[in-house]
file upload30.cif (mmCIF, C-alpha atoms)
data_query
#
loop_
_atom_site.label_atom_id
_atom_site.label_comp_id
_atom_site.auth_asym_id
_atom_site.auth_seq_id
_atom_site.Cartn_x
_atom_site.Cartn_y
_atom_site.Cartn_z
CA MET A 8 0.00 0.00 0.00
CA ASN A 9 1.16 3.54 -0.69
CA GLY A 10 0.70 6.57 1.53
CA TYR A 11 -0.09 10.10 0.38
CA ARG A 12 2.42 12.86 -0.36
CA ARG A 13 2.79 15.71 2.13
CA ASP A 14 2.32 18.91 0.12
CA VAL A 15 4.35 20.98 2.55
CA ASP A 16 5.00 23.93 0.23
CA THR A 17 1.35 24.48 -0.63
CA HIS A 18 -0.59 24.92 2.59
CA PRO A 19 -0.58 27.84 5.05
CA GLU A 20 1.33 27.67 8.32
CA TYR A 21 -0.93 27.23 11.34
CA LEU A 22 0.43 30.40 12.93
CA SER A 23 -0.26 33.26 10.55
CA PRO A 24 -0.44 36.30 12.90
CA ASP A 25 -2.04 38.65 10.36
CA TYR A 26 -5.07 36.38 10.67
CA ARG A 27 -5.65 37.09 14.34
CA SER A 28 -7.66 33.99 15.23
CA THR A 29 -4.59 31.84 14.56
CA VAL A 30 -2.66 33.38 17.46
CA ARG A 31 -4.46 31.51 20.26
CA ARG A 32 -5.42 28.49 18.18
CA ALA A 33 -2.28 27.46 16.28
CA PRO A 34 -0.47 24.62 18.09
CA ASP A 35 2.95 25.60 19.41
CA LYS A 36 4.43 22.12 19.57
CA PRO A 37 5.46 20.62 16.24
CA PRO A 38 3.22 17.87 14.89
CA ILE A 39 4.39 14.28 15.25
CA LEU A 40 5.18 12.55 12.00
CA LEU A 41 2.70 9.75 11.37
CA PRO A 42 3.81 7.38 8.62
CA HIS A 43 0.59 6.44 6.86
CA THR A 44 -1.21 3.28 7.92
CA LEU A 45 -4.47 1.71 6.87
CA SER A 46 -6.18 4.32 9.10
CA GLU A 47 -4.96 7.22 6.95
CA ILE A 48 -5.28 5.69 3.47
CA THR A 49 -8.89 4.70 4.09
CA GLY A 50 -11.67 7.22 4.63
CA PRO A 51 -15.41 7.69 4.52
CA VAL A 52 -17.02 6.42 1.33
CA TYR A 53 -20.33 8.10 0.89
CA GLY A 54 -23.23 6.61 -0.94
CA HIS A 55 -25.63 8.83 -2.79
CA GLU A 56 -28.13 8.58 0.07
CA ARG A 57 -27.15 11.91 1.58
CA VAL A 58 -27.41 13.89 -1.65
CA GLY A 59 -30.82 14.97 -2.92
CA PRO A 60 -31.54 15.70 -6.60
CA THR A 61 -31.57 19.49 -6.15
CA ASP A 62 -28.88 19.79 -3.46
CA HIS A 63 -26.44 21.13 -6.09
CA ASP A 64 -28.78 23.99 -7.02
CA LEU A 65 -28.72 26.65 -4.30
CA THR A 66 -31.21 28.79 -6.24
CA ARG A 67 -34.00 26.21 -5.90
CA GLN A 68 -34.11 25.51 -2.18
CA HIS A 69 -36.96 27.93 -1.37
CA ALA A 70 -40.30 29.02 -2.77
CA GLY A 71 -38.81 31.96 -4.67
CA GLU A 72 -35.53 32.73 -6.38
CA PRO A 73 -32.70 34.37 -4.47
CA LEU A 74 -31.53 37.87 -5.38
CA GLY A 75 -28.12 38.34 -6.93
CA GLU A 76 -26.10 37.30 -9.92
CA ARG A 77 -26.87 33.69 -10.84
CA ILE A 78 -23.70 31.70 -11.53
CA ILE A 79 -22.59 28.18 -12.38
CA VAL A 80 -19.51 26.84 -10.62
CA ALA A 81 -18.15 23.66 -12.15
CA GLY A 82 -14.91 21.76 -12.38
CA ARG A 83 -13.16 18.52 -11.57
CA VAL A 84 -11.77 17.00 -8.42
CA LEU A 85 -8.39 15.46 -9.25
CA ASP A 86 -5.74 13.67 -7.26
CA GLY A 87 -2.17 14.95 -7.25
CA ASP A 88 -1.35 12.77 -10.24
CA GLY A 89 -4.11 14.29 -12.36
CA ARG A 90 -6.52 11.38 -12.04
CA PRO A 91 -10.22 12.10 -11.45
CA VAL A 92 -11.59 11.55 -7.94
CA ARG A 93 -14.87 9.79 -8.70
CA ASN A 94 -18.08 9.47 -6.66
CA SER A 95 -16.77 11.72 -3.93
CA LEU A 96 -18.80 14.14 -1.81
CA VAL A 97 -18.36 17.89 -2.42
CA GLU A 98 -19.98 20.24 0.10
CA ILE A 99 -20.16 24.03 -0.30
CA TRP A 100 -21.42 26.96 1.75
CA GLN A 101 -21.41 30.69 1.26
CA CYS A 102 -22.99 34.03 2.16
CA ASN A 103 -25.71 35.62 0.04
CA ALA A 104 -25.32 38.30 -2.63
CA ALA A 105 -25.33 40.99 0.05
CA GLY A 106 -22.47 39.38 1.99
CA ARG A 107 -24.55 37.90 4.83
CA TYR A 108 -24.47 34.30 6.08
CA VAL A 109 -27.47 32.42 7.43
CA HIS A 110 -25.74 32.07 10.80
CA ARG A 111 -26.74 33.55 14.15
CA ALA A 112 -23.20 34.77 14.78
CA ASP A 113 -23.01 36.80 11.55
CA ARG A 114 -23.56 40.42 12.66
CA HIS A 115 -22.92 42.11 9.33
CA PRO A 116 -25.79 44.61 8.87
CA ALA A 117 -26.67 43.38 5.40
CA PRO A 118 -30.03 41.78 4.57
CA LEU A 119 -30.76 38.08 4.77
CA ASP A 120 -32.45 36.67 1.69
CA PRO A 121 -35.48 34.51 2.55
CA ASN A 122 -34.88 32.59 -0.67
CA PHE A 123 -31.25 31.74 -0.05
CA THR A 124 -29.62 29.46 2.51
CA GLY A 125 -26.23 29.03 0.88
CA ALA A 126 -25.47 25.34 1.44
CA GLY A 127 -25.10 22.74 -1.29
CA ARG A 128 -23.67 19.29 -1.94
CA CYS A 129 -23.09 16.94 -4.81
CA MET A 130 -21.16 13.83 -5.76
CA THR A 131 -18.43 13.92 -8.40
CA ASP A 132 -19.27 11.88 -11.49
CA GLY A 133 -17.23 9.21 -13.28
CA GLU A 134 -14.79 11.86 -14.58
CA GLY A 135 -14.49 13.61 -11.22
CA ARG A 136 -16.76 16.47 -12.31
CA TYR A 137 -18.96 18.55 -10.03
CA ARG A 138 -21.38 21.37 -10.86
CA PHE A 139 -23.25 23.85 -8.65
CA ILE A 140 -25.78 26.54 -9.49
CA THR A 141 -25.78 29.42 -7.03
CA ILE A 142 -25.60 33.20 -6.80
CA LYS A 143 -22.36 35.14 -6.57
CA PRO A 144 -21.53 35.73 -2.89
CA GLY A 145 -20.82 39.28 -1.75
CA ALA A 146 -17.72 40.60 -0.02
CA TYR A 147 -18.23 41.29 3.69
CA PRO A 148 -16.47 43.06 6.56
CA TRP A 149 -14.97 41.13 9.46
CA GLY A 150 -13.36 42.20 12.69
CA ASN A 151 -9.83 40.99 12.03
CA HIS A 152 -8.33 44.48 11.68
CA ASP A 153 -9.39 48.01 10.82
CA ASN A 154 -11.51 48.10 7.65
CA ALA A 155 -11.05 44.36 7.02
CA TRP A 156 -13.08 42.84 4.18
CA ARG A 157 -13.10 39.27 2.93
CA PRO A 158 -12.97 38.83 -0.85
CA ALA A 159 -16.03 37.03 -2.25
CA HIS A 160 -15.56 33.28 -1.77
CA ILE A 161 -17.34 29.95 -1.64
CA HIS A 162 -16.27 27.42 1.01
CA PHE A 163 -15.56 23.90 -0.27
CA SER A 164 -15.27 20.67 1.72
CA LEU A 165 -13.83 17.57 0.01
CA PHE A 166 -13.13 14.03 1.09
CA GLY A 167 -11.22 12.43 -1.74
CA THR A 168 -10.35 8.79 -1.29
CA ALA A 169 -8.84 8.75 2.21
CA PHE A 170 -8.94 10.46 5.61
CA ALA A 171 -5.51 11.86 4.65
CA THR A 172 -6.93 13.60 1.55
CA ARG A 173 -9.57 15.54 3.48
CA LEU A 174 -9.54 19.18 2.37
CA VAL A 175 -11.49 22.26 3.37
CA THR A 176 -10.72 25.34 1.31
CA GLN A 177 -12.22 28.44 -0.30
CA MET A 178 -12.78 29.29 -3.96
CA TYR A 179 -12.26 32.91 -4.98
CA PHE A 180 -13.35 34.91 -8.04
CA PRO A 181 -10.89 36.28 -10.62
CA GLY A 182 -9.62 39.84 -10.35
CA ASP A 183 -10.83 40.56 -6.82
CA PRO A 184 -9.20 43.78 -5.54
CA LEU A 185 -9.41 42.48 -1.97
CA PHE A 186 -6.89 39.63 -2.47
CA GLU A 187 -3.89 41.71 -1.45
CA HIS A 188 -5.63 42.88 1.73
CA ASP A 189 -6.93 39.51 2.91
CA PRO A 190 -4.75 37.69 5.47
CA ILE A 191 -6.59 34.40 4.90
CA PHE A 192 -5.92 34.42 1.14
CA GLN A 193 -2.36 35.68 1.79
CA SER A 194 -1.71 32.95 4.38
CA VAL A 195 -0.78 30.82 1.37
CA ARG A 196 2.78 32.06 0.80
CA ASP A 197 3.40 30.80 -2.74
CA PRO A 198 1.77 33.11 -5.34
CA GLU A 199 1.35 30.20 -7.74
CA ALA A 200 -0.48 28.21 -5.05
CA ARG A 201 -2.69 31.24 -4.31
CA ARG A 202 -3.68 31.35 -7.98
CA ARG A 203 -4.92 27.77 -7.64
CA MET A 204 -7.65 29.02 -5.28
CA VAL A 205 -9.05 31.40 -7.92
CA ALA A 206 -11.73 30.20 -10.35
CA ARG A 207 -11.60 31.04 -14.06
CA PHE A 208 -14.46 32.71 -15.91
CA ASP A 209 -15.47 30.35 -18.72
CA LEU A 210 -17.73 31.25 -21.62
CA ASP A 211 -18.37 27.57 -22.41
CA THR A 212 -19.72 27.01 -18.88
CA THR A 213 -21.80 30.20 -19.16
CA GLU A 214 -25.39 29.58 -20.23
CA PRO A 215 -26.83 32.18 -22.64
CA GLU A 216 -29.55 34.43 -21.20
CA TRP A 217 -29.22 32.69 -17.85
CA ALA A 218 -25.98 32.47 -15.83
CA LEU A 219 -22.25 33.21 -15.93
CA GLY A 220 -20.02 30.17 -15.63
CA TYR A 221 -16.83 29.63 -13.64
CA GLN A 222 -14.47 26.67 -13.79
CA TRP A 223 -12.43 25.58 -10.79
CA ASP A 224 -10.49 22.34 -10.53
CA ILE A 225 -9.58 21.08 -7.08
CA VAL A 226 -6.44 19.00 -6.68
CA LEU A 227 -6.11 16.71 -3.66
CA ARG A 228 -2.99 14.91 -2.49
CA GLY A 229 -1.23 12.39 -4.71
CA ARG A 230 0.14 8.98 -3.77
CA GLU A 231 3.71 8.26 -2.74
CA SER A 232 5.45 6.21 -5.38
CA THR A 233 6.88 3.71 -2.88
CA PRO A 234 4.66 1.42 -0.80
CA PHE A 235 4.82 1.47 3.02
CA GLU A 236 4.58 -2.28 3.45
CA MET B 23 1.19 17.34 -12.78
CA PRO B 24 -1.32 19.79 -11.33
CA GLY B 25 -0.32 21.52 -8.09
CA PRO B 26 -2.41 20.77 -5.00
CA THR B 27 -5.16 23.16 -3.94
CA PRO B 28 -4.19 24.98 -0.72
CA SER B 29 -6.19 24.59 2.46
CA GLN B 30 -8.17 27.53 3.90
CA THR B 31 -9.95 27.87 7.21
CA VAL B 32 -13.45 26.44 7.65
CA GLY B 33 -14.32 29.86 9.15
CA PRO B 34 -16.95 30.54 11.80
CA PHE B 35 -20.05 30.08 9.63
CA PHE B 36 -20.23 26.42 8.62
CA ALA B 37 -22.88 25.35 11.13
CA PHE B 38 -25.79 25.68 8.69
CA ALA B 39 -24.03 23.55 6.09
CA LEU B 40 -21.79 20.77 7.41
CA PRO B 41 -23.39 19.23 10.53
CA TYR B 42 -26.15 16.72 9.85
CA GLU B 43 -28.70 14.86 11.91
CA GLY B 44 -27.13 11.91 13.70
CA GLY B 45 -23.60 12.85 12.61
CA GLU B 46 -22.24 12.15 16.09
CA ARG B 47 -23.91 8.73 16.41
CA LEU B 48 -22.01 5.91 14.70
CA VAL B 49 -24.02 3.17 16.43
CA PRO B 50 -27.55 3.04 17.88
CA SER B 51 -27.69 3.85 21.60
CA GLY B 52 -28.87 0.28 22.26
CA ASP B 53 -25.65 -1.24 20.93
CA ARG B 54 -24.19 -3.43 23.71
CA ASP B 55 -20.66 -2.25 22.89
CA ALA B 56 -21.55 1.44 22.64
CA VAL B 57 -19.06 3.88 24.17
CA ARG B 58 -19.63 7.57 24.63
CA ILE B 59 -16.68 9.83 23.86
CA VAL B 60 -17.04 13.32 25.29
CA GLY B 61 -14.59 16.19 25.04
CA ALA B 62 -14.04 19.90 24.63
CA VAL B 63 -11.84 21.92 22.32
CA ILE B 64 -9.83 24.52 24.28
CA ASP B 65 -7.72 27.40 22.94
CA GLY B 66 -4.42 28.85 24.21
CA ASP B 67 -6.23 31.09 26.72
CA GLY B 68 -8.10 28.11 28.16
CA ALA B 69 -11.30 29.33 26.52
CA PRO B 70 -13.71 26.89 24.88
CA VAL B 71 -13.68 26.84 21.07
CA ASP B 72 -17.37 27.05 20.21
CA ASP B 73 -16.94 27.06 16.44
CA ALA B 74 -14.97 23.90 15.76
CA LEU B 75 -15.98 20.84 13.78
CA VAL B 76 -14.70 17.45 14.93
CA GLU B 77 -14.68 14.49 12.54
CA ILE B 78 -13.73 10.93 13.38
CA TRP B 79 -12.89 7.90 11.25
CA GLN B 80 -12.44 4.39 12.54
CA ALA B 81 -12.56 0.68 11.88
CA ASN B 82 -15.52 -1.33 13.14
CA ARG B 83 -15.41 -3.57 16.23
CA HIS B 84 -13.72 -6.30 14.20
CA GLY B 85 -10.98 -3.95 13.07
CA ARG B 86 -12.23 -3.61 9.49
CA TYR B 87 -12.52 -0.31 7.64
CA ARG B 88 -15.42 0.21 5.26
CA HIS B 89 -13.19 1.16 2.36
CA PRO B 90 -12.04 -0.57 -0.84
CA GLU B 91 -8.38 -0.50 0.26
CA ASP B 92 -9.11 -2.57 3.35
CA THR B 93 -9.13 -5.91 1.54
CA ARG B 94 -9.13 -8.14 4.64
CA GLU B 95 -12.24 -10.09 3.65
CA GLU B 96 -11.84 -12.35 6.70
CA LEU B 97 -12.94 -9.44 8.94
CA PRO B 98 -16.67 -8.77 8.59
CA LEU B 99 -18.22 -5.45 7.62
CA GLU B 100 -21.25 -4.39 9.64
CA ASP B 101 -24.50 -3.15 8.14
CA GLY B 102 -25.07 0.49 8.95
CA PHE B 103 -21.60 1.16 10.36
CA THR B 104 -19.73 3.65 8.16
CA GLY B 105 -16.95 4.46 10.63
CA PHE B 106 -17.36 8.22 10.05
CA GLY B 107 -18.72 10.79 12.49
CA ARG B 108 -19.05 14.57 12.50
CA CYS B 109 -19.92 16.82 15.44
CA PRO B 110 -19.78 20.63 15.77
CA THR B 111 -18.72 22.00 19.18
CA ASP B 112 -21.34 23.75 21.31
CA ALA B 113 -21.14 27.01 23.29
CA GLU B 114 -18.89 25.29 25.87
CA GLY B 115 -16.62 23.88 23.17
CA ARG B 116 -18.00 20.38 23.77
CA PHE B 117 -18.41 17.55 21.30
CA GLU B 118 -19.64 14.02 21.78
CA PHE B 119 -19.67 10.77 19.80
CA LEU B 120 -21.46 7.49 20.37
CA THR B 121 -19.49 4.68 18.82
CA VAL B 122 -17.76 1.35 19.53
CA LYS B 123 -14.14 0.66 20.28
CA PRO B 124 -12.61 -0.43 16.97
CA GLY B 125 -10.77 -3.71 16.72
CA ALA B 126 -7.01 -3.59 16.42
CA ALA B 127 -5.90 -3.21 12.80
CA ASP B 128 -2.67 -3.12 10.92
CA GLY B 129 -0.39 -3.86 13.92
CA GLN B 130 -1.66 -0.87 15.86
CA ALA B 131 -3.57 -0.50 19.14
CA PRO B 132 -7.29 0.24 18.74
CA HIS B 133 -7.69 3.92 17.89
CA ILE B 134 -9.98 6.48 16.33
CA SER B 135 -8.61 9.03 13.86
CA VAL B 136 -9.65 12.63 14.50
CA CYS B 137 -9.70 15.59 12.14
CA LEU B 138 -10.41 19.03 13.59
CA PHE B 139 -11.50 22.19 11.78
CA ALA B 140 -12.11 25.65 13.26
CA ARG B 141 -11.97 29.35 12.66
CA GLY B 142 -8.32 30.26 13.13
CA LEU B 143 -7.10 26.91 11.82
CA LEU B 144 -5.91 27.51 8.28
CA ARG B 145 -5.54 23.78 7.88
CA GLN B 146 -7.14 20.87 9.70
CA LEU B 147 -5.45 19.29 12.70
CA TYR B 148 -5.16 15.53 12.99
CA THR B 149 -4.94 13.57 16.19
CA ARG B 150 -5.97 10.11 17.46
CA ILE B 151 -8.01 8.76 20.34
CA TYR B 152 -6.57 5.65 22.02
CA PHE B 153 -8.29 3.62 24.73
CA PRO B 154 -7.32 3.51 28.43
CA ASP B 155 -8.16 -0.21 28.85
CA GLU B 156 -5.59 -1.26 26.22
CA ALA B 157 -2.36 -0.76 28.19
CA GLU B 158 -0.55 -3.67 26.55
CA ALA B 159 -1.57 -2.80 22.99
CA ASN B 160 -0.87 0.89 23.60
CA ALA B 161 2.64 0.07 24.83
CA ALA B 162 3.31 -1.76 21.56
CA ASP B 163 1.65 0.80 19.29
CA PRO B 164 4.12 2.29 16.75
CA LEU B 165 2.82 5.85 17.02
CA LEU B 166 2.46 5.96 20.82
CA SER B 167 5.86 4.40 21.37
CA SER B 168 7.44 6.95 19.01
CA ILE B 169 6.44 9.80 21.37
CA ALA B 170 9.12 10.30 24.06
CA ASP B 171 7.28 13.00 26.02
CA ASP B 172 4.96 11.33 28.58
CA ALA B 173 2.37 14.11 28.75
CA LEU B 174 2.19 14.39 24.98
CA ARG B 175 1.78 10.63 24.60
CA GLN B 176 -0.83 10.55 27.35
CA SER B 177 -2.81 13.29 25.59
CA LEU B 178 -3.78 10.71 22.95
CA ILE B 179 -5.31 8.29 25.46
CA ALA B 180 -8.88 9.00 26.55
CA ASP B 181 -9.72 9.20 30.28
CA PRO B 182 -12.51 7.05 31.72
CA VAL B 183 -14.73 9.45 33.69
CA ASP B 184 -18.21 8.58 35.00
CA GLY B 185 -18.92 5.92 32.41
CA VAL B 186 -17.77 7.97 29.42
CA LEU B 187 -14.42 8.40 27.74
CA ARG B 188 -13.16 11.95 28.12
CA PHE B 189 -10.97 13.35 25.32
CA ASP B 190 -10.24 17.07 25.50
CA ILE B 191 -8.35 18.75 22.68
CA HIS B 192 -5.99 21.54 23.82
CA LEU B 193 -4.82 23.57 20.85
CA GLN B 194 -1.86 25.27 22.57
CA GLY B 195 0.26 25.57 25.67
CA GLU B 196 1.49 23.27 28.43
CA ARG B 197 -1.36 20.83 27.98
CA GLN B 198 -1.36 20.86 24.19
CA THR B 199 -2.69 17.70 22.59
CA ALA B 200 -0.31 15.75 20.37
CA PHE B 201 -1.19 16.64 16.80
CA LEU B 202 -0.06 14.48 13.93
CA ASP B 203 1.69 15.28 10.69
CA VAL B 204 -0.49 13.07 8.50
#

call {"tool": "encode", "arguments": {"input": "upload30.cif", "output": "structure tokens"}}
result
Amino acid sequence: MNGYRRDVDTHPEYLSPDYRSTVRRAPDKPPILLPHTLSEITGPVYGHERVGPTDHDLTRQHAGEPLGERIIVAGRVLDGDGRPVRNSLVEIWQCNAAGRYVHRADRHPAPLDPNFTGAGRCMTDGEGRYRFITIKPGAYPWGNHDNAWRPAHIHFSLFGTAFATRLVTQMYFPGDPLFEHDPIFQSVRDPEARRRMVARFDLDTTEPEWALGYQWDIVLRGRESTPFE
Amino acid sequence: MPGPTPSQTVGPFFAFALPYEGGERLVPSGDRDAVRIVGAVIDGDGAPVDDALVEIWQANRHGRYRHPEDTREELPLEDGFTGFGRCPTDAEGRFEFLTVKPGAADGQAPHISVCLFARGLLRQLYTRIYFPDEAEANAADPLLSSIADDALRQSLIADPVDGVLRFDIHLQGERQTAFLDV
């Protein structure tokens, strides 16, 4: 059996002081190296039972249509060797077009939309593809520092094929002027890796007279080339 | 080869999206082997972390994982047991799972894998829950025996308290839990 590669140059450090919440939450002792075992190379395998037929369409979860710019977000989930990750659960959540989350702790004085919750899920198909229909989330202020605003983003949660490939991340929109001011986006030190969090506008994904389309591929960890036993 | 997608924090606002009914219950409460695992996530100031998400992954009571790469056909799978659990922390930082102690697998002591997400964690943290009634197996476990520091090693072994197994997760400081580079 082969373990998964540790993509050490890609991910943010736990302690990233410009993002204030990391200061009292980042561990201060170094993590203990765990050579992969059966426990890490296995992981939850979801059936389709948790995913309803309209769970991928965030514009159809209420009686009316949500306000905002309707968009399609589609792409593939790949492993680090470029192979599709098939039949794998993708979960997303986001704020509404005004920048407000359906969450009691969100105090941003922007309106809630009675026709928008902002949670969706789907399974990747046989080629690793996923597709969501939603509205473009707004930017919103947060208390991290003076005049702090988060760039518009959609949260993604992915399982891949193993507990070791679990990934929670955020997808951003191209050309956002807030990137350079956002300590969460900037916590990824490598500019090339930061670019991999930004979706691409795609005319072929765009549906005429209906919705703009964005493409965003998500790449999970690849396998080590040498087996561990 | 495509570069990997970087991790970003789960943020504070996932509660309407990720938790699901029964996510913390891996077995029915009537299961004769059921164990309750209760804990709290605590930050560097000793304050409860009320916006964390705890996920667990484990083998069943026979030591078998429900996954295509666990090919040990001689160990039975169990109907209805996925081995996965998900629980958000409450206002006191608490989480709770109802599950069974997994069988030993792969030359390791029985253990449950844990993955923790929270606001302020730019990447998930991994740890493991080991069992206090497995002294012999724990002593021979490759991971536990690789940890020289007693307190750090002990932080991976749950405490039996009032009929439940207590497993607190300290993010920082003197009492920090051992986190794993997975």

call {"tool": "residues_around", "arguments": {"input": "upload30.cif", "residues": "Ser177 (chain B)", "least_positions_apart": "5", "cutoff": "8 Å", "atoms": "all atoms listed in the file", "output": "list in words"}}
result
Gln198, Thr199 and Ala200 of chain B

call {"tool": "closest_atom_pairs", "arguments": {"input": "upload30.cif", "of": "chain A", "to": "chain B", "cutoff": "7 Å", "atoms": "only C-alpha atoms", "output": "Markdown table"}}
result
| residue | atom | partner | partner_atom | distance |
| --- | --- | --- | --- | --- |
| A:Thr17 | CA | B:Pro28 | CA | 5.6 |
| A:His18 | CA | B:Pro28 | CA | 4.9 |
| A:Pro19 | CA | B:Leu144 | CA | 6.2 |
| A:Tyr21 | CA | B:Leu144 | CA | 5.9 |
| A:Ser28 | CA | B:Gly142 | CA | 4.3 |
| A:Thr29 | CA | B:Gly142 | CA | 4.3 |
| A:Arg31 | CA | B:Gly66 | CA | 4.8 |
| A:Arg32 | CA | B:Asp65 | CA | 5.4 |
| A:Ala33 | CA | B:Leu193 | CA | 6.5 |
| A:Pro34 | CA | B:Gln194 | CA | 4.7 |
| A:Asp35 | CA | B:Gln194 | CA | 5.8 |
| A:Pro38 | CA | B:Leu202 | CA | 4.8 |
| A:Ile39 | CA | B:Leu202 | CA | 4.6 |
| A:Leu40 | CA | B:Asp203 | CA | 4.6 |
| A:Leu41 | CA | B:Val204 | CA | 5.4 |
| A:His43 | CA | B:Val204 | CA | 6.9 |
| A:Leu45 | CA | B:Asp128 | CA | 6.6 |
| A:Thr49 | CA | B:His89 | CA | 5.8 |
| A:Gly50 | CA | B:His89 | CA | 6.6 |
| A:Pro51 | CA | B:Phe106 | CA | 5.9 |
| A:Val52 | CA | B:His89 | CA | 6.6 |
| A:Gly87 | CA | B:Pro26 | CA | 6.2 |
| A:Asp88 | CA | B:Met23 | CA | 5.8 |
| A:Gly89 | CA | B:Met23 | CA | 6.1 |
| A:Trp100 | CA | B:Ala39 | CA | 6.1 |
| A:His110 | CA | B:Phe35 | CA | 6.1 |
| A:Ala126 | CA | B:Ala39 | CA | 5.2 |
| A:Ala171 | CA | B:Val204 | CA | 6.4 |
| A:Leu174 | CA | B:Ser29 | CA | 6.4 |
| A:Val175 | CA | B:Ser29 | CA | 5.9 |
| A:Thr176 | CA | B:Gln30 | CA | 4.2 |
| A:Gln177 | CA | B:Gln30 | CA | 5.9 |
| A:Ala200 | CA | B:Pro28 | CA | 6.6 |
| A:Arg203 | CA | B:Thr27 | CA | 5.9 |
| A:Met204 | CA | B:Thr27 | CA | 6.5 |
| A:Ile225 | CA | B:Thr27 | CA | 5.8 |
| A:Val226 | CA | B:Pro26 | CA | 4.7 |
| A:Leu227 | CA | B:Pro26 | CA | 5.7 |
| A:Arg228 | CA | B:Pro26 | CA | 6.4 |

call {"tool": "atom_distance", "arguments": {"input": "upload30.cif", "atom1": "CA of Gln68 (chain A)", "atom2": "CA of Ala104 (chain A)"}}
result
15.5 Å

call {"tool": "resolve_selection", "arguments": {"input": "upload30.cif", "expression": "the PyMOL selection byres ((chain B and resi 124) around 7)", "output": "number ranges by chain"}}
result
B: 80-85, 122-123, 125-126, 132-133

call {"tool": "residues_near_point", "arguments": {"input": "upload30.cif", "point": "(-7.7, 35.9, 11.2)", "cutoff": "9 Å", "atoms": "all atoms listed in the file", "output": "PyMOL selection string"}}
result
(chain A and resi 23-30+150-152+190-191) or (chain B and resi 141-142)

call {"tool": "closest_residue", "arguments": {"input": "upload30.cif", "among": "B:Pro70, B:Pro182, B:Gly61, B:Pro41", "to": "Phe119 (chain B)", "atoms": "only C-alpha atoms"}}
result
B:Gly61

call {"tool": "residues_around", "arguments": {"input": "upload30.cif", "residues": "region 130-141 of chain A", "least_positions_apart": "3", "cutoff": "9 Å", "atoms": "all atoms listed in the file", "output": "number ranges by chain"}}
result
A: 53-55, 58, 62-67, 73, 76-85, 90-99, 125, 127, 144, 218, 224

call {"tool": "resolve_selection", "arguments": {"input": "upload30.cif", "expression": "the PyMOL selection byres ((chain A and resi 11) around 7)", "output": "list in words"}}
result
Asn9, Gly10, Arg12, Arg13, Arg228, Gly229, Arg230 and Glu231 of chain A

call {"tool": "atom_distance", "arguments": {"input": "upload30.cif", "atom1": "CA of Ala70 (chain A)", "atom2": "CA of Asn122 (chain A)"}}
result
6.8 Å
